[in-house]
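Okay, structure first, notes after.
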Amino acid sequence: MDRKFHLSSDKIGIVFKIEPLGNSSINLYIVEMHSAIHDALRAKGIRDAVGLELHALPEADMPEFDEWVEFILRSRYMPYIQNFTVEKDGAVTSHMLQYFDLLKDWYVVSVTCGTQPDDLYALVEMAKIEDFSERSMLRQLMTLKQLRRVYVQMIHSGGYWIIDRLSGNMFVTRHMAQILHMEDRHLILPTQQIVNMNHPDDRDRVIAILNGVDKGTSAYHSRMLLEDGETVFLFSFASPIYDEQGRLARVFGFSENITEHIKGRKELEKSRARFGRIVESMNVLYIVVNQKGEYTYISPNSADMLGIDPDALIGREIGFLIGNSDDREKSLADLKRIMRDKTSGQLKIKLTVKGGLQRWYRFSILALRQEDGVTTDTVGISYDITEEVLGEERMHYLATHDSMTDTNNRARFWELLGQRYSDEAKGEFCLVLLDINGLKLINDIYGQLHGDQMIRDVTSMVKKLFPANRHIARIGGDEFAVIVYDTDIVKIEACCEGVNDFCLSTNTRMLPISVSWGLACRHEAEDNAQSLFQLAEKRMMNTKMLQKRSMHSQVVFSLKEALKARNMETSAHMSRMENMVSALGKKLGLSADAFNRLLLLASLHDVGKLGVPDDIINKPGPLNDDEWAIMRGHCNIGHRIVLESPELTGIAQEILCHHERWDGKGYPGGKKGDEIPFLSQIISVVDSYDVITHKRVYKEALSHSSALAELKRCRGTQFSPAVTDLFLEIFSHLTEEDMTSFLNCSQ
């Protein structure tokens, strides 16, 4: 057996051995199946299906599965019938997304058949419905579920047949085979073989009807000359089945043996009524409209589907069912065009049903012709596609909108902006670009949830302030675009300032937030949408540059205030730290730049703790391992925060390393010795002294002398020897009272 007919680890399905029979039929033996399929069958009571012929499986447990799979394989692959074509590599994928009653929620994805007489295997690949999420797959599934109902009705009812245009073959049900005095089972035969059985006087007319079936359903009489010499009179209907592209794919037919009743018009009417009952049982809406545009028939199930008495519709004009839906005029025009042209087609129409609700239906409109070719009525067969339409609308929404802000997304923005340039009638308009300043700082300190809420708040303000005749889009993480059709520049600028004022007045835990914006109008960039966007973006960047200096100064102030607000002791801690590092910096003779950076570092070295939860910061007892891991992360958080402001980037590395140890056992990077930035070495000693000598929620304060002894003990392990010696030189001669006075004085 060819390797391609083995199930690999990534293929779920069943492998069949195809055994051709002399009567142009086949047997199907199961030779291999995936464990998932095996489990599904076992849940149905079928313990071991491998090695069995498909028909040998318990019918009580699989009402349609065996005939359905056999129909698919036999109708798509028959190696001994001429003029049959197999798709490239033997893969059969068209319309292969079928539903099995036995294997609930499983679908056939593809069928691959052998192309050599000695290699007759078929691999049926399957998947579960949740694996299909693309809109095209969902639409195809909804269509095929409807087709399947017709096929299943065909398999289990009377004289039905299907002509496959691709292969040139005809599938006939068991009952149809009996009518033609063939075998007592459904068959696949060359279409030409069946056509040639027509009486010579009927043959050309039947061929013409079948060739013209794409114009609509046709009803006709014919005589069939059977091999045993008997003549059978048939009354038949032939209807088109289209693929997704609207092309004729198959001819669906029903034939009734009326040999015994050919002379009785009454029996003929019974046959037609029988066909009508079959159609009605398929859970579809069936209507007939005469040439005047009046309903002459509607299937009884309309009472359940639409909540309308069928008899009450007879004689009413065609627009009555459509009611007052928003697409009434277009739907009526399309219906009347099909009736006038006496053609066929498909329409999607919204109908008003019981309770005043509106639901979508897909109508297949067919011109019903008599034998003489004269069109007398128009037939409509429809089914409810509301869920499909809602699914498509949802998919379109997701493809064009930003889910967080319920505004247009970037792709939809460019589509809308391009439309303004492709249609000169749209006239003048303006484009506004807005950028939220400081959003990344919010995300780094307080988490993305806070940043997302800020984005939603800004969006609400944009929607509130800008005129109603506009389109709003989120085109980046913190960027928005507004296409405004009101050209009052003063009014639009006031809207932009209003959004900025809202951000400035918003208490985002004392961190500064603002909005930079740029405005450009159509007449300033006549060339194309890209030129207009670039002009608005340039003006937005100019605004951002003007805001930047004051913004960064405010960042330093705001971070200090945020640290003070986090803990009542933090303000005093900053002051003491600044006093001590000032003394060390002066003693070291640091440059003005290094001295200023050291003072800033004394205030902001723990800025990363803004991103640590309060319950960990204020925990009265020792931290567990998980809490310590979070606490140690404050060095990295602080490093990211200060990198957001050019005025603070000079202390970014020092903040990252202020908990490193001289012996390399610190965090976060395990640096040691002079690998640690010198200012970080100073902060490590000074910060440790202040922590030792002041009470915290998890410890009591120690004396000045005890703290000096601890620093001396950790000299060369935790602390830099040189910095420790300098600290001891400056402060060891001070008494407890002198040290307290020094720390609390104003520099």
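As shown in the structure tokens, the chain order sets the letters A, B, ...; within each chain, residues go from 1, and ligands are also counted from 1 in the order they appear.
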
(request) Tell me, as an MDAnalysis selection string, which residues lie within 10 Å of segment 635-644 of chain A, counting only C-alpha atoms; anything in the same chain fewer than 6 positions away does not count. (result) chainID A and resid 438 440:445 552 555:556 559 604:612 650:660 667:669

(request) Quick one: everything within 12 Å of Asp341 of chain A, counting only C-alpha atoms, minus sequence neighbours fewer than 3 positions away in the same chain. Send it as an MDAnalysis selection string. (result) chainID A and resid 215:216 291 334:338 344:345 365:367 375 378

(request) Mind giving me the straight-line distance from atom CA of Ile163 of chain A to atom CA of Glu256 of chain A in Å, one decimal? (result) 17.0 Å

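Checking A:Asp478, A:Glu183, A:Asp527, A:Glu317 one by one against Arg420 of chain A, counting only C-alpha atoms, you find the shortest gap at A:Asp527.
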
(message) So that I can see what lies close to segment 731-737 of chain A, please list as a VMD selection string the residues with an atom at most 12 Å from it, counting only C-alpha atoms and leaving out residues fewer than 5 positions away in the same chain.
(response) chain A and resid 579 to 581 583 to 584 587 686 689 693 702 to 709 711 to 712 724 to 726 742 to 744

(message) Quick one: residues within 12 Å of Ser531 of chain A, only C-alpha atoms, excluding same-chain residues fewer than 3 positions away - as a PyMOL selection string?
(response) chain A and resi 417-418+421+431+520-528+534-538

Could you write those residues out with N, CA, C and O atoms, as a tab-separated table (two decimals), in the first residue's frame?
chain	number	residue	atom	x	y	z
A	417	LEU	N	-9.91	56.17	4.75
A	417	LEU	CA	-9.18	57.34	4.27
A	417	LEU	C	-9.00	57.26	2.75
A	417	LEU	O	-9.12	58.27	2.04
A	418	GLY	N	-8.73	56.07	2.24
A	418	GLY	CA	-8.60	55.91	0.79
A	418	GLY	C	-9.88	56.21	0.06
A	418	GLY	O	-9.88	56.77	-1.05
A	421	TYR	N	-10.41	59.77	-0.86
A	421	TYR	CA	-9.65	60.26	-2.01
A	421	TYR	C	-10.17	59.66	-3.32
A	421	TYR	O	-9.94	60.22	-4.39
A	431	LEU	N	-8.10	65.38	8.98
A	431	LEU	CA	-7.55	64.21	9.64
A	431	LEU	C	-6.82	64.66	10.90
A	431	LEU	O	-5.96	65.54	10.85
A	520	ALA	N	-4.51	67.98	9.86
A	520	ALA	CA	-4.29	68.33	8.46
A	520	ALA	C	-5.61	68.19	7.70
A	520	ALA	O	-6.42	67.31	8.01
A	521	CYS	N	-5.82	69.05	6.71
A	521	CYS	CA	-7.07	69.03	5.94
A	521	CYS	C	-6.81	68.61	4.50
A	521	CYS	O	-5.69	68.75	3.98
A	522	ARG	N	-7.85	68.11	3.86
A	522	ARG	CA	-7.75	67.54	2.52
A	522	ARG	C	-7.10	68.50	1.52
A	522	ARG	O	-6.25	68.10	0.73
A	523	HIS	N	-7.47	69.77	1.56
A	523	HIS	CA	-6.95	70.71	0.57
A	523	HIS	C	-5.44	70.94	0.72
A	523	HIS	O	-4.81	71.47	-0.20
A	524	GLU	N	-4.87	70.54	1.87
A	524	GLU	CA	-3.44	70.71	2.08
A	524	GLU	C	-2.62	69.56	1.49
A	524	GLU	O	-1.39	69.67	1.40
A	525	ALA	N	-3.28	68.48	1.13
A	525	ALA	CA	-2.58	67.31	0.58
A	525	ALA	C	-3.49	66.68	-0.47
A	525	ALA	O	-4.20	65.71	-0.21
A	526	GLU	N	-3.47	67.23	-1.65
A	526	GLU	CA	-4.37	66.78	-2.72
A	526	GLU	C	-3.94	65.47	-3.35
A	526	GLU	O	-4.74	64.80	-4.00
A	527	ASP	N	-2.67	65.09	-3.18
A	527	ASP	CA	-2.14	63.95	-3.93
A	527	ASP	C	-2.80	62.63	-3.55
A	527	ASP	O	-3.41	61.96	-4.36
A	528	ASN	N	-2.64	62.25	-2.31
A	528	ASN	CA	-3.16	60.95	-1.89
A	528	ASN	C	-3.30	60.91	-0.37
A	528	ASN	O	-2.89	61.83	0.34
A	534	GLN	N	0.98	61.81	6.43
A	534	GLN	CA	2.33	62.25	6.78
A	534	GLN	C	2.34	63.69	7.28
A	534	GLN	O	3.09	64.04	8.20
A	535	LEU	N	1.48	64.55	6.70
A	535	LEU	CA	1.42	65.94	7.14
A	535	LEU	C	0.86	66.02	8.56
A	535	LEU	O	1.41	66.74	9.41
A	536	ALA	N	-0.21	65.29	8.84
A	536	ALA	CA	-0.78	65.28	10.19
A	536	ALA	C	0.22	64.70	11.20
A	536	ALA	O	0.35	65.18	12.33
A	537	GLU	N	0.95	63.66	10.78
A	537	GLU	CA	1.93	63.03	11.66
A	537	GLU	C	3.07	63.99	11.97
A	537	GLU	O	3.55	64.05	13.12
A	538	LYS	N	3.52	64.73	10.98
A	538	LYS	CA	4.61	65.70	11.18
A	538	LYS	C	4.19	66.75	12.21
A	538	LYS	O	4.96	67.11	13.11

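Separating atom CA of Ser255 of chain A from atom CA of Pro310 of chain A is a distance of 27.6 Å.
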